[in-house]
Amino acid sequence: MAEQVAQSHDVTKLIERIQDIKIAMLTTADAEGGLHSRPMYTHKPEADGILWFFTEKDSAKIYEVRKDQHVNLGYSKPDDNLYVSISGTASIVTDQAKIKELWSEGLRAWFPKGPEDPNIALLKISIDRGEYWDQPSSVLVRAFGYVKAVATGERYQPTGDEHAKVTPS
């Protein structure tokens with residue numbers, strides 16, 4: 001039996017799920033076409049599907065994005081059984097006003113010269129599509145699902161279990 005996956009054009013469903021998950025795994029394609037992932041801190045996801053990340057102008061990810069703007073972001077919150085995958089288009093932004101708008105003092109660990117650091121760039125990622133898996137995380141719900149599966153031989157689908165694909169219009 002094929003899994004039923006909800007389809008949506010409402011990007012806010014993705015944003016709602018990732019707004020409290022600060023670290024994403026950003027995947028780019030390297031010069032040889034291989035995939036390269038690294039953790040990145042998400043700054044203020046915007047309701048319209050724009051995600052912002054601080055980076056260094058001379059980093060490998062900047063070089064990789066210049067070669068191929070297609071990126072993937074993976075978010076997870078295992079304690080809540082929440083997983084999100086986002087495919088997007090990355091662009092490099094060096095606008096000083098936007099850098100100052102998104103700046104927080106915690107970034108000084110990476111950019112000791114502050115928001116005026118000449119090596120700061122922003123990665124702006126526009127969401128092209130995403131998918132999320134949001135399942136009840138209660139131990140009792142999972143235990144019940146296990147018992148039911150063993151007893152009936154069928155997969156348990158708990159109430160509130162959501163799996164959806166989102167493609168912004």
# chains A, B, ... in the order shown; residues from 1 in each chain; ligands from 1
>>> residues_around(residues="Glu16 (chain A)", least_positions_apart="3", cutoff="12 Å", atoms="only C-alpha atoms", output="compact mmCIF listing (two decimals) with C-alpha atoms, in the first residue's frame")
# COMPACT_ATOMS: atom_id res chain seq x y z
CA ASP A 10 1.52 26.86 1.99
CA VAL A 11 5.18 27.50 2.85
CA THR A 12 4.17 28.69 6.33
CA LYS A 13 3.71 25.02 7.30
CA GLN A 19 11.26 28.32 13.46
CA ASP A 20 12.46 26.83 16.77
CA ILE A 21 15.16 24.61 15.22
CA LYS A 44 14.85 34.58 11.27
CA PRO A 45 13.01 32.37 8.77
CA GLU A 46 10.66 34.66 6.87
CA ALA A 47 6.98 33.83 6.28
CA ASP A 48 7.47 34.13 2.51
CA GLY A 49 9.93 31.22 2.44
CA LEU A 82 9.97 16.23 13.67
CA VAL A 84 12.10 18.68 7.65
CA TYR A 132 8.16 17.33 6.61
CA ASP A 134 5.75 15.43 12.13
>>> residues_around(residues="Lys57 (chain A)", least_positions_apart="2", cutoff="7 Å", atoms="only C-alpha atoms", output="list in words")
Thr55, Ser59, Ile62, Asn119, Ile120 and Ala121 of chain A
>>> select_by_dssp(residues="region 70-143 of chain A", states="helix (DSSP H, G or I)", output="JSON list (two decimals) with N, CA, C and O atoms, in the first residue's frame")
[["chain", "number", "residue", "atom", "x", "y", "z"],
["A", 78, "PRO", "N", 14.59, 15.44, 16.99],
["A", 78, "PRO", "CA", 14.27, 14.04, 17.29],
["A", 78, "PRO", "C", 13.39, 13.84, 18.52],
["A", 78, "PRO", "O", 12.56, 12.93, 18.52],
["A", 79, "ASP", "N", 13.55, 14.67, 19.55],
["A", 79, "ASP", "CA", 12.72, 14.51, 20.75],
["A", 79, "ASP", "C", 11.24, 14.69, 20.45],
["A", 79, "ASP", "O", 10.39, 14.19, 21.17],
["A", 80, "ASP", "N", 10.93, 15.44, 19.38],
["A", 80, "ASP", "CA", 9.54, 15.67, 18.99],
["A", 80, "ASP", "C", 9.14, 14.89, 17.73],
["A", 80, "ASP", "O", 8.06, 15.09, 17.18],
["A", 96, "GLN", "N", 25.06, 45.58, 3.30],
["A", 96, "GLN", "CA", 25.43, 45.93, 4.68],
["A", 96, "GLN", "C", 24.20, 46.19, 5.55],
["A", 96, "GLN", "O", 24.18, 45.84, 6.73],
["A", 97, "ALA", "N", 23.15, 46.77, 4.99],
["A", 97, "ALA", "CA", 21.93, 47.03, 5.77],
["A", 97, "ALA", "C", 21.29, 45.71, 6.22],
["A", 97, "ALA", "O", 20.83, 45.59, 7.36],
["A", 98, "LYS", "N", 21.25, 44.72, 5.33],
["A", 98, "LYS", "CA", 20.66, 43.41, 5.69],
["A", 98, "LYS", "C", 21.53, 42.70, 6.71],
["A", 98, "LYS", "O", 21.01, 42.06, 7.64],
["A", 99, "ILE", "N", 22.83, 42.79, 6.57],
["A", 99, "ILE", "CA", 23.74, 42.19, 7.54],
["A", 99, "ILE", "C", 23.50, 42.78, 8.92],
["A", 99, "ILE", "O", 23.37, 42.06, 9.91],
["A", 100, "LYS", "N", 23.40, 44.11, 9.01],
["A", 100, "LYS", "CA", 23.15, 44.77, 10.30],
["A", 100, "LYS", "C", 21.79, 44.42, 10.85],
["A", 100, "LYS", "O", 21.62, 44.24, 12.06],
["A", 101, "GLU", "N", 20.79, 44.28, 9.98],
["A", 101, "GLU", "CA", 19.45, 43.91, 10.43],
["A", 101, "GLU", "C", 19.43, 42.52, 11.09],
["A", 101, "GLU", "O", 18.78, 42.31, 12.10],
["A", 102, "LEU", "N", 20.17, 41.58, 10.51],
["A", 102, "LEU", "CA", 20.16, 40.21, 11.02],
["A", 102, "LEU", "C", 21.22, 39.95, 12.10],
["A", 102, "LEU", "O", 21.19, 38.91, 12.75],
["A", 105, "GLU", "N", 24.83, 39.65, 18.58],
["A", 105, "GLU", "CA", 26.16, 39.72, 19.21],
["A", 105, "GLU", "C", 26.82, 38.34, 19.29],
["A", 105, "GLU", "O", 28.04, 38.24, 19.27],
["A", 106, "GLY", "N", 26.05, 37.27, 19.33],
["A", 106, "GLY", "CA", 26.63, 35.92, 19.36],
["A", 106, "GLY", "C", 27.45, 35.59, 18.13],
["A", 106, "GLY", "O", 28.31, 34.69, 18.16],
["A", 107, "LEU", "N", 27.23, 36.30, 17.04],
["A", 107, "LEU", "CA", 28.00, 36.06, 15.81],
["A", 107, "LEU", "C", 29.44, 36.53, 15.91],
["A", 107, "LEU", "O", 30.28, 36.17, 15.10],
["A", 108, "ARG", "N", 29.73, 37.34, 16.93],
["A", 108, "ARG", "CA", 31.08, 37.89, 17.08],
["A", 108, "ARG", "C", 32.13, 36.79, 17.25],
["A", 108, "ARG", "O", 33.30, 36.97, 16.92],
["A", 109, "ALA", "N", 31.71, 35.61, 17.72],
["A", 109, "ALA", "CA", 32.65, 34.50, 17.85],
["A", 109, "ALA", "C", 33.24, 34.11, 16.49],
["A", 109, "ALA", "O", 34.40, 33.70, 16.39],
["A", 114, "GLY", "N", 32.75, 42.36, 14.12],
["A", 114, "GLY", "CA", 31.36, 42.80, 14.15],
["A", 114, "GLY", "C", 30.71, 42.80, 12.78],
["A", 114, "GLY", "O", 31.25, 42.25, 11.82],
["A", 115, "PRO", "N", 29.57, 43.44, 12.66],
["A", 115, "PRO", "CA", 28.83, 43.41, 11.39],
["A", 115, "PRO", "C", 29.55, 44.11, 10.24],
["A", 115, "PRO", "O", 29.19, 43.90, 9.08],
["A", 116, "GLU", "N", 30.57, 44.90, 10.55],
["A", 116, "GLU", "CA", 31.33, 45.56, 9.49],
["A", 116, "GLU", "C", 32.48, 44.69, 8.97],
["A", 116, "GLU", "O", 33.24, 45.11, 8.10],
["A", 139, "VAL", "N", 5.97, 8.57, 24.37],
["A", 139, "VAL", "CA", 6.43, 7.19, 24.54],
["A", 139, "VAL", "C", 5.23, 6.24, 24.53],
["A", 139, "VAL", "O", 5.28, 5.16, 23.95],
["A", 140, "LEU", "N", 4.12, 6.66, 25.15],
["A", 140, "LEU", "CA", 2.93, 5.82, 25.18],
["A", 140, "LEU", "C", 2.36, 5.60, 23.78],
["A", 140, "LEU", "O", 1.94, 4.49, 23.44],
["A", 141, "VAL", "N", 2.36, 6.64, 22.95],
["A", 141, "VAL", "CA", 1.86, 6.51, 21.58],
["A", 141, "VAL", "C", 2.74, 5.54, 20.80],
["A", 141, "VAL", "O", 2.24, 4.65, 20.10],
["A", 142, "ARG", "N", 4.04, 5.67, 20.93],
["A", 142, "ARG", "CA", 4.96, 4.77, 20.22],
["A", 142, "ARG", "C", 4.83, 3.34, 20.74],
["A", 142, "ARG", "O", 4.85, 2.39, 19.96],
["A", 143, "ALA", "N", 4.69, 3.19, 22.05],
["A", 143, "ALA", "CA", 4.53, 1.84, 22.62],
["A", 143, "ALA", "C", 3.24, 1.21, 22.12],
["A", 143, "ALA", "O", 3.21, 0.03, 21.76]]
>>> atom_distance(atom1="CA of Val166 (chain A)", atom2="CA of Leu14 (chain A)")
7.5 Å
>>> closest_residue(among="A:Asp117, A:Ile125, A:Gln7, A:Glu56", to="Thr27 (chain A)", atoms="only C-alpha atoms")
A:Ile125
>>> atom_distance(atom1="CA of Trp133 (chain A)", atom2="CA of Asp68 (chain A)")
27.3 Å
>>> atom_distance(atom1="CA of Arg129 (chain A)", atom2="CA of Tyr83 (chain A)")
14.4 Å
>>> closest_residue(among="A:Val65, A:Ile127, A:Leu122, A:Met40", to="Leu26 (chain A)", atoms="only C-alpha atoms")
A:Met40
>>> closest_residue(among="A:Ala29, A:Ile23, A:Ile86, A:Leu73", to="Lys61 (chain A)", atoms="only C-alpha atoms")
A:Ala29
>>> residues_around(residues="Glu64 (chain A)", least_positions_apart="6", cutoff="9 Å", atoms="only C-alpha atoms", output="list in words")
Thr28, Ala29, Asp30 and Ala31 of chain A
>>> residues_around(residues="Thr167 (chain A)", least_positions_apart="3", cutoff="7 Å", atoms="only C-alpha atoms", output="PDB file with C-alpha atoms, in the first residue's frame")
ATOM      1  CA  SER A   8       0.433  21.875  -0.023  1.00  0.00           C
ATOM      2  CA  HIS A   9       1.436  25.236  -1.459  1.00  0.00           C
ATOM      3  CA  ASP A 128      11.591  25.797  -3.844  1.00  0.00           C
ATOM      4  CA  ARG A 129       9.979  22.831  -2.113  1.00  0.00           C
ATOM      5  CA  GLY A 130      10.033  21.021   1.172  1.00  0.00           C
TER       6      GLY A 130
END
>>> closest_residue(among="A:Pro112, A:Pro39, A:Pro118, A:Gly74", to="Asp95 (chain A)", atoms="only C-alpha atoms")
A:Pro118
